[in-house]
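One file, structure_25.txt, carrying compact mmCIF, C-alpha atoms:
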# COMPACT_ATOMS: atom_id res chain seq x y z
CA MET A 268 -0.90 -43.49 4.63
CA ASN A 269 -0.15 -40.28 6.59
CA ASN A 270 -3.34 -39.01 8.26
CA GLN A 271 -1.72 -35.98 9.87
CA LEU A 272 -2.82 -32.51 8.85
CA THR A 273 -0.18 -29.96 7.92
CA ARG A 274 -0.47 -26.40 9.08
CA ARG A 275 -1.27 -25.36 5.50
CA ASP A 276 -4.22 -27.79 5.46
CA PHE A 277 -5.40 -26.51 8.82
CA LEU A 278 -5.30 -22.86 7.70
CA LYS A 279 -7.28 -23.62 4.57
CA LEU A 280 -9.89 -25.60 6.53
CA SER A 281 -10.19 -22.89 9.16
CA GLY A 282 -11.14 -20.41 6.46
CA ILE A 283 -14.14 -22.59 5.55
CA PHE A 284 -15.64 -22.92 9.03
CA SER A 285 -16.82 -20.21 11.36
CA LEU A 286 -14.17 -19.37 13.91
CA GLY A 287 -16.87 -19.63 16.56
CA LEU A 288 -17.14 -23.39 16.05
CA THR A 289 -15.30 -25.72 18.37
CA LEU A 290 -12.80 -27.69 16.29
CA PRO A 291 -11.24 -30.95 17.41
CA GLN A 292 -7.59 -30.85 18.36
CA LEU A 293 -5.41 -31.20 15.24
CA ILE A 294 -1.98 -32.75 15.18
CA LEU A 295 0.58 -30.72 13.25
CA GLU A 296 3.62 -32.25 11.62
CA PRO A 297 6.74 -31.99 13.81
CA SER A 298 8.60 -30.18 11.01
CA ASP A 299 6.27 -27.16 11.22
CA PRO A 300 8.37 -24.27 12.62
CA TYR A 301 5.24 -22.38 13.77
CA GLN A 302 3.66 -24.79 16.23
CA SER A 303 4.52 -22.42 19.10
CA SER A 304 2.14 -19.73 20.30
CA ASP A 305 5.12 -17.40 19.98
CA ALA A 306 4.72 -17.24 16.20
CA LYS A 307 4.23 -13.59 15.26
CA ASN A 308 1.89 -12.03 12.72
CA VAL A 309 3.18 -9.61 10.08
CA LEU A 310 1.11 -6.69 8.78
CA ILE A 311 2.55 -4.54 5.98
CA ILE A 312 0.78 -1.26 5.19
CA VAL A 313 1.89 0.52 2.01
CA PHE A 314 0.58 3.98 1.11
CA ASP A 315 1.27 4.72 -2.54
CA ALA A 316 3.37 7.69 -3.74
CA TRP A 317 4.32 8.94 -0.26
CA SER A 318 7.50 10.99 -0.16
CA ALA A 319 9.57 11.28 3.01
CA TYR A 320 10.23 14.88 1.96
CA ASN A 321 6.60 15.81 2.69
CA THR A 322 6.51 14.03 6.04
CA SER A 323 6.84 16.13 9.18
CA LEU A 324 8.18 13.12 11.08
CA TYR A 325 11.32 13.58 8.96
CA GLY A 326 11.58 17.34 9.41
CA TYR A 327 9.14 18.75 6.85
CA ASP A 328 7.96 22.21 7.97
CA ARG A 329 4.27 21.48 7.51
CA GLU A 330 2.83 19.19 10.18
CA THR A 331 1.55 16.46 7.88
CA THR A 332 1.94 13.48 10.23
CA PRO A 333 0.89 14.27 13.82
CA ASN A 334 -0.19 10.67 14.40
CA LEU A 335 3.12 9.24 13.20
CA ALA A 336 4.90 11.63 15.56
CA ARG A 337 2.81 10.23 18.41
CA LEU A 338 3.36 6.60 17.42
CA ALA A 339 7.08 6.95 16.68
CA ASP A 340 7.90 6.84 20.38
CA ARG A 341 7.58 3.04 20.21
CA ALA A 342 8.87 2.35 16.70
CA VAL A 343 12.02 1.97 14.67
CA VAL A 344 12.09 5.00 12.38
CA TYR A 345 14.18 4.91 9.19
CA HIS A 346 15.25 8.35 7.95
CA ASN A 347 17.04 7.44 4.71
CA HIS A 348 14.95 4.68 3.20
CA TYR A 349 14.78 4.29 -0.58
CA ALA A 350 12.23 2.70 -2.89
CA GLY A 351 13.11 0.19 -5.57
CA GLY A 352 12.00 2.52 -8.37
CA ASN A 353 10.32 5.79 -9.25
CA PHE A 354 6.85 4.34 -9.89
CA THR A 355 4.63 1.54 -8.63
CA THR A 356 5.74 -1.34 -10.85
CA PRO A 357 9.47 -1.53 -9.99
CA GLY A 358 8.98 -0.13 -6.49
CA THR A 359 6.41 -2.75 -5.47
CA ALA A 360 8.16 -5.63 -7.23
CA SER A 361 11.39 -4.87 -5.35
CA LEU A 362 9.53 -4.69 -2.05
CA LEU A 363 7.76 -8.02 -2.67
CA THR A 364 10.76 -9.96 -4.04
CA GLY A 365 13.68 -8.45 -2.12
CA THR A 366 15.52 -7.89 -5.42
CA HIS A 367 16.49 -4.99 -7.68
CA PRO A 368 14.57 -4.27 -10.91
CA TRP A 369 17.32 -5.75 -13.08
CA LYS A 370 16.65 -9.08 -11.36
CA HIS A 371 12.84 -9.19 -11.12
CA ARG A 372 12.54 -7.40 -14.53
CA ALA A 373 9.32 -5.54 -13.66
CA PHE A 374 10.33 -2.08 -14.80
CA ARG A 375 7.75 -1.33 -17.49
CA HIS A 376 4.25 -0.02 -16.91
CA ASN A 377 1.80 -2.93 -16.37
CA SER A 378 4.59 -5.53 -16.42
CA GLN A 379 4.86 -8.65 -14.25
CA VAL A 380 7.93 -9.97 -12.53
CA ASP A 381 10.05 -12.47 -14.41
CA GLU A 382 8.53 -15.95 -14.38
CA SER A 383 11.36 -17.20 -12.16
CA TYR A 384 10.08 -14.96 -9.34
CA VAL A 385 6.55 -16.32 -9.24
CA ASP A 386 7.78 -18.56 -6.38
CA LYS A 387 10.37 -16.08 -5.10
CA ASN A 388 8.42 -13.45 -3.23
CA LEU A 389 7.03 -12.38 0.13
CA PHE A 390 4.01 -14.69 -0.03
CA HIS A 391 6.03 -17.74 -0.98
CA ALA A 392 8.56 -17.01 1.79
CA PHE A 393 5.82 -16.89 4.45
CA GLU A 394 4.20 -20.18 3.50
CA ASN A 395 3.63 -21.06 7.17
CA HIS A 396 1.50 -17.95 7.68
CA TYR A 397 -2.08 -17.35 6.58
CA ARG A 398 -1.52 -14.86 3.76
CA LEU A 399 -3.94 -12.18 2.64
CA ALA A 400 -3.49 -9.20 0.37
CA TYR A 401 -5.32 -6.22 -1.10
CA SER A 402 -4.58 -3.14 -3.21
CA HIS A 403 -6.50 -0.24 -4.73
CA ASN A 404 -3.77 0.06 -7.36
CA PRO A 405 -4.24 -1.90 -10.64
CA LEU A 406 -0.46 -2.14 -11.12
CA VAL A 407 -0.08 -3.82 -7.72
CA ASN A 408 -2.92 -6.19 -8.51
CA ILE A 409 -0.95 -7.42 -11.52
CA PHE A 410 1.58 -8.83 -9.04
CA LEU A 411 -1.03 -10.07 -6.57
CA LYS A 412 -2.75 -12.00 -9.35
CA GLN A 413 0.63 -13.36 -10.48
CA PHE A 414 1.35 -14.52 -6.89
CA ALA A 415 -2.23 -15.61 -6.13
CA GLY A 416 -1.23 -19.27 -5.90
CA LYS A 417 0.63 -18.40 -2.70
CA ILE A 418 -2.02 -16.08 -1.24
CA ASP A 419 -4.71 -17.70 0.90
CA ASP A 420 -7.10 -14.76 0.75
CA TYR A 421 -6.66 -12.40 -2.20
CA LEU A 422 -9.19 -9.59 -1.86
CA PRO A 423 -10.03 -8.25 -5.35
CA GLN A 424 -9.58 -4.55 -6.06
CA GLN A 425 -13.31 -3.84 -6.20
CA ARG A 426 -13.75 -5.12 -2.63
CA PHE A 427 -13.28 -1.61 -1.24
CA LEU A 428 -14.44 0.49 -4.19
CA LEU A 429 -17.72 2.38 -3.88
CA GLN A 430 -18.14 2.64 -7.64
CA SER A 431 -16.04 0.58 -10.00
CA ASP A 432 -15.69 -1.06 -13.38
CA TRP A 433 -16.02 -4.42 -11.64
CA ILE A 434 -18.08 -5.89 -14.48
CA ILE A 435 -14.97 -5.87 -16.68
CA ASN A 436 -13.05 -8.06 -14.25
CA SER A 437 -16.03 -10.32 -13.60
CA LEU A 438 -17.23 -11.00 -17.15
CA PHE A 439 -14.08 -10.52 -19.22
CA ASN A 440 -11.30 -11.85 -17.04
CA ASN A 441 -9.36 -13.26 -20.00
CA ASP A 442 -9.76 -10.15 -22.17
CA GLU A 443 -9.59 -7.43 -19.53
CA ASP A 444 -7.48 -4.99 -21.57
CA ILE A 445 -9.69 -5.03 -24.67
CA ALA A 446 -12.89 -5.06 -22.60
CA SER A 447 -11.70 -2.07 -20.57
CA VAL A 448 -11.10 -0.03 -23.71
CA SER A 449 -14.55 -0.92 -25.03
CA TRP A 450 -16.17 -0.08 -21.69
CA ILE A 451 -14.51 3.34 -21.54
CA ARG A 452 -15.48 4.18 -25.12
CA ALA A 453 -19.09 3.11 -24.68
CA MET A 454 -19.81 4.19 -21.10
CA LYS A 455 -17.60 7.17 -20.32
CA ARG A 456 -17.44 10.60 -21.87
CA GLN A 457 -13.89 11.79 -22.43
CA GLN A 458 -12.71 15.29 -21.52
CA ASP A 459 -14.01 16.68 -24.83
CA GLY A 460 -17.39 15.00 -24.32
CA TYR A 461 -16.78 12.41 -27.03
CA THR A 462 -18.22 8.91 -26.66
CA TYR A 463 -19.14 5.94 -28.88
CA SER A 464 -22.63 5.70 -27.42
CA LEU A 465 -25.46 8.24 -27.52
CA TYR A 466 -27.32 7.26 -24.34
CA LEU A 467 -25.25 4.88 -22.21
CA PRO A 468 -22.83 7.47 -20.75
CA GLN A 469 -25.69 9.61 -19.41
CA LEU A 470 -27.28 6.57 -17.77
CA TYR A 471 -23.93 5.46 -16.35
CA GLU A 472 -23.24 8.92 -14.91
CA LYS A 473 -26.65 9.10 -13.20
CA ILE A 474 -26.12 5.72 -11.54
CA LYS A 475 -22.60 6.71 -10.50
CA GLU A 476 -23.67 10.06 -9.07
CA GLY A 477 -26.44 8.41 -7.06
CA ARG A 478 -24.04 5.97 -5.45
CA ILE A 479 -21.53 8.59 -4.28
CA ALA A 480 -23.84 11.52 -3.49
CA ILE A 481 -23.96 10.74 0.23
CA TYR A 482 -20.20 11.22 0.51
CA LYS A 483 -19.94 14.69 -1.04
CA GLN A 484 -20.04 16.48 2.31
CA ASP A 485 -16.98 14.58 3.53
CA PHE A 486 -15.07 14.98 0.27
CA PRO A 487 -15.76 18.46 -1.13
CA GLU A 488 -13.31 18.02 -4.03
CA GLY A 489 -14.68 14.59 -4.88
CA LEU A 490 -13.89 11.12 -3.63
CA PRO A 491 -10.45 9.54 -4.01
CA SER A 492 -10.49 7.34 -7.08
CA VAL A 493 -8.65 4.86 -9.24
CA LEU A 494 -8.58 5.57 -12.97
CA GLU A 495 -10.91 8.59 -12.70
CA ASP A 496 -14.19 7.19 -11.36
CA ASN A 497 -13.53 3.99 -9.44
CA TYR A 498 -14.20 5.72 -6.12
CA PHE A 499 -13.26 4.65 -2.62
CA ARG A 500 -12.88 5.81 0.97
CA LEU A 501 -9.77 4.83 2.88
CA GLU A 502 -11.93 4.47 5.99
CA ASP A 503 -13.73 1.44 4.55
CA SER A 504 -10.61 -0.68 4.10
CA ILE A 505 -9.21 0.39 7.49
CA ASP A 506 -12.55 -0.48 9.11
CA TRP A 507 -12.39 -3.90 7.47
CA LEU A 508 -8.98 -4.54 9.00
CA ASN A 509 -10.22 -3.40 12.41
CA GLN A 510 -13.17 -5.77 12.18
CA ASN A 511 -11.43 -8.83 10.75
CA LEU A 512 -7.80 -9.06 11.82
CA ASP A 513 -8.61 -10.63 15.16
CA THR A 514 -10.61 -13.44 13.51
CA LEU A 515 -7.93 -14.48 11.02
CA PRO A 516 -6.03 -17.75 11.40
CA LYS A 517 -2.77 -17.11 13.24
CA PRO A 518 -0.06 -16.36 12.46
CA PHE A 519 -1.07 -14.24 9.48
CA LEU A 520 0.81 -12.19 6.90
CA GLY A 521 -1.18 -9.21 5.62
CA TYR A 522 -0.11 -6.99 2.72
CA PHE A 523 -2.37 -3.97 2.18
CA HIS A 524 -1.33 -1.47 -0.48
CA TYR A 525 -3.55 1.60 -0.52
CA LEU A 526 -3.61 4.30 -3.21
CA PRO A 527 -3.53 7.53 -1.11
CA PRO A 528 -1.70 9.89 -1.11
CA HIS A 529 -1.28 9.14 -4.84
CA PHE A 530 -2.89 11.55 -7.31
CA PRO A 531 -5.69 12.67 -7.51
CA TYR A 532 -5.11 14.51 -4.22
CA LYS A 533 -8.67 14.58 -2.84
CA THR A 534 -8.53 14.76 0.89
CA HIS A 535 -11.21 14.53 3.56
CA SER A 536 -13.11 17.70 4.52
CA GLU A 537 -11.38 17.61 7.92
CA PHE A 538 -8.10 18.52 6.21
CA LYS A 539 -9.29 20.62 3.28
CA ASN A 540 -7.49 24.01 3.19
CA ARG A 541 -5.42 23.10 6.27
CA PHE A 542 -2.26 24.48 4.65
CA VAL A 543 -3.74 27.20 2.44
CA ASN A 544 -2.10 30.57 3.21
CA ASP A 545 -0.06 29.02 6.02
CA GLY A 546 3.05 31.00 5.14
CA TRP A 547 5.07 28.01 3.98
CA LYS A 548 7.68 29.09 1.44
CA GLN A 549 8.62 26.91 -1.49
CA ILE A 550 12.21 27.01 -2.71
CA VAL A 551 12.03 27.67 -6.44
CA LYS A 552 14.59 25.54 -8.28
CA PRO A 553 15.69 25.79 -11.93
CA GLU A 554 13.62 23.85 -14.44
CA HIS A 555 14.99 20.42 -15.19
CA LEU A 556 15.89 19.19 -18.67
CA PHE A 557 12.95 16.78 -18.28
CA SER A 558 10.56 19.47 -17.03
CA ARG A 559 6.88 18.87 -17.72
CA GLY A 560 6.28 22.63 -17.84
CA TYR A 561 4.49 23.09 -14.52
CA SER A 562 4.81 26.62 -13.15
CA PRO A 563 5.98 27.28 -9.56
CA GLU A 564 2.43 28.44 -8.73
CA ARG A 565 0.87 25.25 -10.07
CA LEU A 566 3.42 23.12 -8.22
CA TYR A 567 2.77 25.00 -4.97
CA LYS A 568 -0.97 24.37 -5.27
CA SER A 569 -0.46 20.67 -6.04
CA ARG A 570 1.99 20.28 -3.17
CA THR A 571 -0.51 21.86 -0.78
CA GLU A 572 -3.24 19.45 -1.91
CA TYR A 573 -0.82 16.54 -1.57
CA ASP A 574 0.20 17.59 1.95
CA GLU A 575 -3.46 17.77 2.97
CA PHE A 576 -3.99 14.29 1.52
CA ILE A 577 -1.12 12.97 3.66
CA LEU A 578 -3.01 14.24 6.73
CA TYR A 579 -5.87 11.91 5.72
CA VAL A 580 -3.45 8.97 5.40
CA ASP A 581 -1.88 9.84 8.76
CA ARG A 582 -5.27 9.89 10.48
CA GLU A 583 -6.33 6.54 9.10
CA PHE A 584 -3.05 4.81 9.96
CA GLY A 585 -3.29 6.28 13.45
CA ARG A 586 -6.77 4.85 13.76
CA LEU A 587 -5.56 1.42 12.63
CA HIS A 588 -2.63 1.45 15.03
CA ASP A 589 -4.87 2.46 17.94
CA TYR A 590 -7.16 -0.48 17.20
CA LEU A 591 -4.24 -2.90 17.01
CA GLU A 592 -3.03 -1.68 20.38
CA GLN A 593 -6.40 -1.67 22.12
CA SER A 594 -7.33 -5.13 20.81
CA GLY A 595 -4.01 -6.67 21.86
CA ILE A 596 -3.12 -7.68 18.28
CA LEU A 597 -0.10 -5.38 18.38
CA ASP A 598 1.42 -7.48 21.17
CA ASN A 599 1.90 -10.34 18.72
CA THR A 600 2.27 -8.54 15.39
CA TRP A 601 5.10 -6.90 13.47
CA VAL A 602 3.64 -3.84 11.73
CA VAL A 603 5.44 -2.17 8.81
CA LEU A 604 4.51 1.23 7.37
CA THR A 605 6.13 2.27 4.09
CA SER A 606 5.56 3.35 0.46
CA ASP A 607 6.50 2.15 -3.01
CA HIS A 608 7.84 5.51 -4.28
CA GLY A 609 7.57 9.24 -3.63
CA GLU A 610 6.30 12.36 -5.37
CA LEU A 611 8.03 15.47 -6.77
CA PHE A 612 6.84 19.11 -6.85
CA GLU A 613 9.76 21.09 -8.21
CA ARG A 614 11.85 21.82 -11.32
CA GLY A 615 8.74 21.95 -13.51
CA ILE A 616 7.82 18.35 -12.56
CA ARG A 617 4.75 17.12 -10.70
CA GLY A 618 4.33 13.54 -9.55
CA HIS A 619 6.62 10.60 -10.19
CA LEU A 620 6.23 9.65 -13.86
CA THR A 621 9.49 11.33 -14.74
CA SER A 622 12.89 10.37 -16.08
CA THR A 623 14.54 11.98 -13.06
CA LEU A 624 15.49 10.29 -9.81
CA HIS A 625 15.54 13.23 -7.42
CA GLN A 626 15.24 12.16 -3.80
CA PRO A 627 11.59 13.20 -3.28
CA VAL A 628 10.67 10.55 -5.87
CA ILE A 629 12.57 7.65 -4.30
CA ARG A 630 13.06 8.48 -0.60
CA VAL A 631 10.05 7.12 1.29
CA PRO A 632 8.89 6.58 4.88
CA LEU A 633 9.64 3.36 6.73
CA MET A 634 8.57 2.59 10.28
CA ILE A 635 8.65 -0.83 11.94
CA PHE A 636 6.55 -1.47 15.03
CA GLU A 637 8.03 -4.38 16.94
CA PRO A 638 5.86 -6.37 19.38
CA GLY A 639 6.65 -5.18 22.89
CA ARG A 640 8.82 -2.23 21.91
CA GLU A 641 8.47 0.70 24.30
CA THR A 642 11.22 3.01 23.03
CA ARG A 643 12.00 4.86 19.83
CA LYS A 644 14.96 3.93 17.65
CA ASP A 645 16.09 6.23 14.82
CA VAL A 646 18.11 4.73 11.98
CA HIS A 647 19.94 7.15 9.68
CA THR A 648 21.88 4.54 7.71
CA PRO A 649 20.70 4.40 4.07
CA THR A 650 18.35 1.44 3.60
CA SER A 651 16.42 -0.05 0.68
CA ALA A 652 13.02 -1.57 -0.03
CA ILE A 653 14.77 -4.85 -0.88
CA ASP A 654 15.89 -5.06 2.77
CA LEU A 655 12.36 -5.47 4.11
CA LEU A 656 11.80 -9.11 3.10
CA PRO A 657 15.00 -10.51 4.68
CA THR A 658 14.34 -8.43 7.80
CA LEU A 659 10.85 -9.84 8.26
CA MET A 660 12.17 -13.34 7.70
CA GLN A 661 14.80 -12.85 10.40
CA VAL A 662 12.53 -11.34 13.05
CA THR A 663 10.01 -14.16 12.59
CA GLY A 664 12.71 -16.79 13.05
CA GLN A 665 13.17 -17.85 9.43
CA GLU A 666 16.14 -18.11 7.10
CA LYS A 667 16.87 -15.48 4.48
CA PRO A 668 15.95 -16.92 1.05
CA ASP A 669 18.93 -17.44 -1.25
CA TRP A 670 17.42 -15.33 -4.06
CA VAL A 671 17.10 -12.18 -1.91
CA GLU A 672 19.54 -9.34 -2.62
CA GLY A 673 18.64 -7.21 0.39
CA GLU A 674 20.18 -7.30 3.86
CA VAL A 675 18.62 -7.39 7.31
CA LEU A 676 17.83 -3.88 8.48
CA PRO A 677 19.43 -2.39 11.57
CA PRO A 678 18.88 -2.74 14.48
CA PHE A 679 17.85 -6.35 13.74
CA THR A 680 21.13 -7.43 12.15
CA GLN A 681 22.54 -9.03 15.30
CA GLY A 682 19.58 -11.15 16.13
CA HIS A 683 16.29 -10.65 17.86
CA PRO A 684 15.02 -8.97 19.96
CA ALA A 685 16.81 -5.66 19.38
CA ARG A 686 14.74 -3.21 21.41
CA ASP A 687 17.64 -1.72 23.32
CA ASN A 688 20.16 -1.50 20.45

Entire entry expressed as structure tokens:
Amino acid sequence: MNNQLTRRDFLKLSGIFSLGLTLPQLILEPSDPYQSSDAKNVLIIVFDAWSAYNTSLYGYDRETTPNLARLADRAVVYHNHYAGGNFTTPGTASLLTGTHPWKHRAFRHNSQVDESYVDKNLFHAFENHYRLAYSHNPLVNIFLKQFAGKIDDYLPQQRFLLQSDWIINSLFNNDEDIASVSWIRAMKRQQDGYTYSLYLPQLYEKIKEGRIAIYKQDFPEGLPSVLEDNYFRLEDSIDWLNQNLDTLPKPFLGYFHYLPPHFPYKTHSEFKNRFVNDGWKQIVKPEHLFSRGYSPERLYKSRTEYDEFILYVDREFGRLHDYLEQSGILDNTWVVLTSDHGELFERGIRGHLTSTLHQPVIRVPLMIFEPGRETRKDVHTPTSAIDLLPTLMQVTGQEKPDWVEGEVLPPFTQGHPARDN
């Protein structure tokens, strides 16, 4: 009988005990490729619906990303990076599987990846890392639940929600869709004030308002939210990372997919009205065949709110990066910053739920922070979301999985390290 503990067993056991306890020395199997202290962590931060076209780091006239500009001096910056789709489902599935939508088949709203990709994804590929994941976005959580068997610590959506419909997930896990409809009809008043219940909505609203009242000063237009009133603050999830990353089993793989700057564009008071009457001129383009009828004035207002929301995202990522650097975690961690798709404010179209594929919808930011990098590297070659998985495999010393369609990103194509390429 083999009494040796594998690294997988060790990581699971370490999650049970306090990290402050002194554990006896454990013998790992010789086949484990991550016995060395040189094994690197990987932290992927995805901000939903973030277009490169509204990012000052890439030349946008409004200064939406002052922190990224500061941090870019020690990063690889990709200027022509493209998402795997024009909304969350295909964009995230391509990022997580390294394949195009016609392979993973997740190209409908609320769809999962094809069953064959349940064991062909980022979390499966990093089986020698301690894997944790979180998302505000319900569409992303469809994938995280589908891949949960390969995630050591799956943080449920409500973990960082101030007010949520958590009872639906808790009590009706097998009938979530039907239960959600019933909950909305009974507990929430629709835009016309209609509801199935006479008293419950008023009670629900009072409880909800009491829970979020203390945050009104910081969010004058209301708190960011998921599906109308599942409220959150980005600060809470960033604070959690700052407080917990250093205590995780190493090496770890973290995937954190946050909703901002996705609609509704409700920024922090620090950035409210930052770009109002700033003189920025919008180029008015002809209405598209698939126009949703938004006027140039309405699009200008929405774009301004969106740009101010990006400032909030930029601040919080800057705060996270500063913590990683000050704590020393950055010295041993690959950090990726990207998005699943962009956003459009022209041609009568607002947002990304459109039949068009104009570049603002699919061209997204990508920055890679390499441990030890001290110089900036700009990459203008067109790159794709499906390239991220094989790149992370390469830079952590692993083989590219045979199912992956993407290629290793420059400047990491010729091996590692590539700081001076």

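Between atom CA of A:Gly351 and atom CA of A:Gly618 the separation is 16.5 Å.
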
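The interatomic distance for the pair atom CA of A:Asn395 and atom CA of A:Ala350 works out to 27.2 Å.
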
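Computed from the coordinates, the atom CA of A:Thr605 to atom CA of A:Asp386 distance equals 23.4 Å.
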
Practice task
Tell me which protein, DNA and RNA residues are within 7 Å of A:Ser402, counting all atoms listed in the file, leaving out same-chain ones fewer than 6 positions away, and put them as a list in words.
Solution key: Asn408, Gln424, Phe523, His524 and Tyr525 of chain A

Fill in the blank from the handout: Of A:Leu633, A:Leu335, A:Leu399, A:Leu389, the one nearest to A:Leu656 when counting all atoms listed in the file is A:Leu389

Practice task
Would you list the contacts of A:Pro657 as a VMD selection string, taking every protein, DNA or RNA residue within 7 Å and counting only C-alpha atoms, but skipping same-chain residues closer than 2 positions in sequence?
Solution key: chain A and resid 654 to 655 659 to 661 667 673 to 675

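Take the candidates A:Arg541, A:Ser622, A:Gly585, A:Ile596 and check each one against A:Thr514 using all atoms listed in the file; the shortest distance goes to A:Ile596.
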
Could you give me, as an mmCIF file with C-alpha atoms, in the coordinates of the input, the residues within 8 Å of A:Val380, counting only C-alpha atoms and dropping anything in the same chain fewer than 4 positions from it?
data_model
loop_
_atom_site.group_PDB
_atom_site.id
_atom_site.type_symbol
_atom_site.label_atom_id
_atom_site.label_comp_id
_atom_site.auth_asym_id
_atom_site.auth_seq_id
_atom_site.Cartn_x
_atom_site.Cartn_y
_atom_site.Cartn_z
ATOM 1 C CA ALA A 360 8.160 -5.630 -7.230
ATOM 2 C CA HIS A 371 12.840 -9.190 -11.120
ATOM 3 C CA ARG A 372 12.540 -7.400 -14.530
ATOM 4 C CA ALA A 373 9.320 -5.540 -13.660
ATOM 5 C CA TYR A 384 10.080 -14.960 -9.340
ATOM 6 C CA VAL A 385 6.550 -16.320 -9.240
ATOM 7 C CA PHE A 410 1.580 -8.830 -9.040
#

Exercise for the section: Kindly extract all protein, DNA and RNA residues lying within 7 Å of the coordinates (2.6, 4.9, -0.5) given in the file, considering only C-alpha atoms, and supply them as a PyMOL selection string. Expected result: chain A and resi 313-317+525-528+605-608

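Using only C-alpha atoms, the smallest distance between any of A:Glu666, A:Asp574, A:Glu554, A:Glu583 and A:Glu502 comes from A:Glu583.
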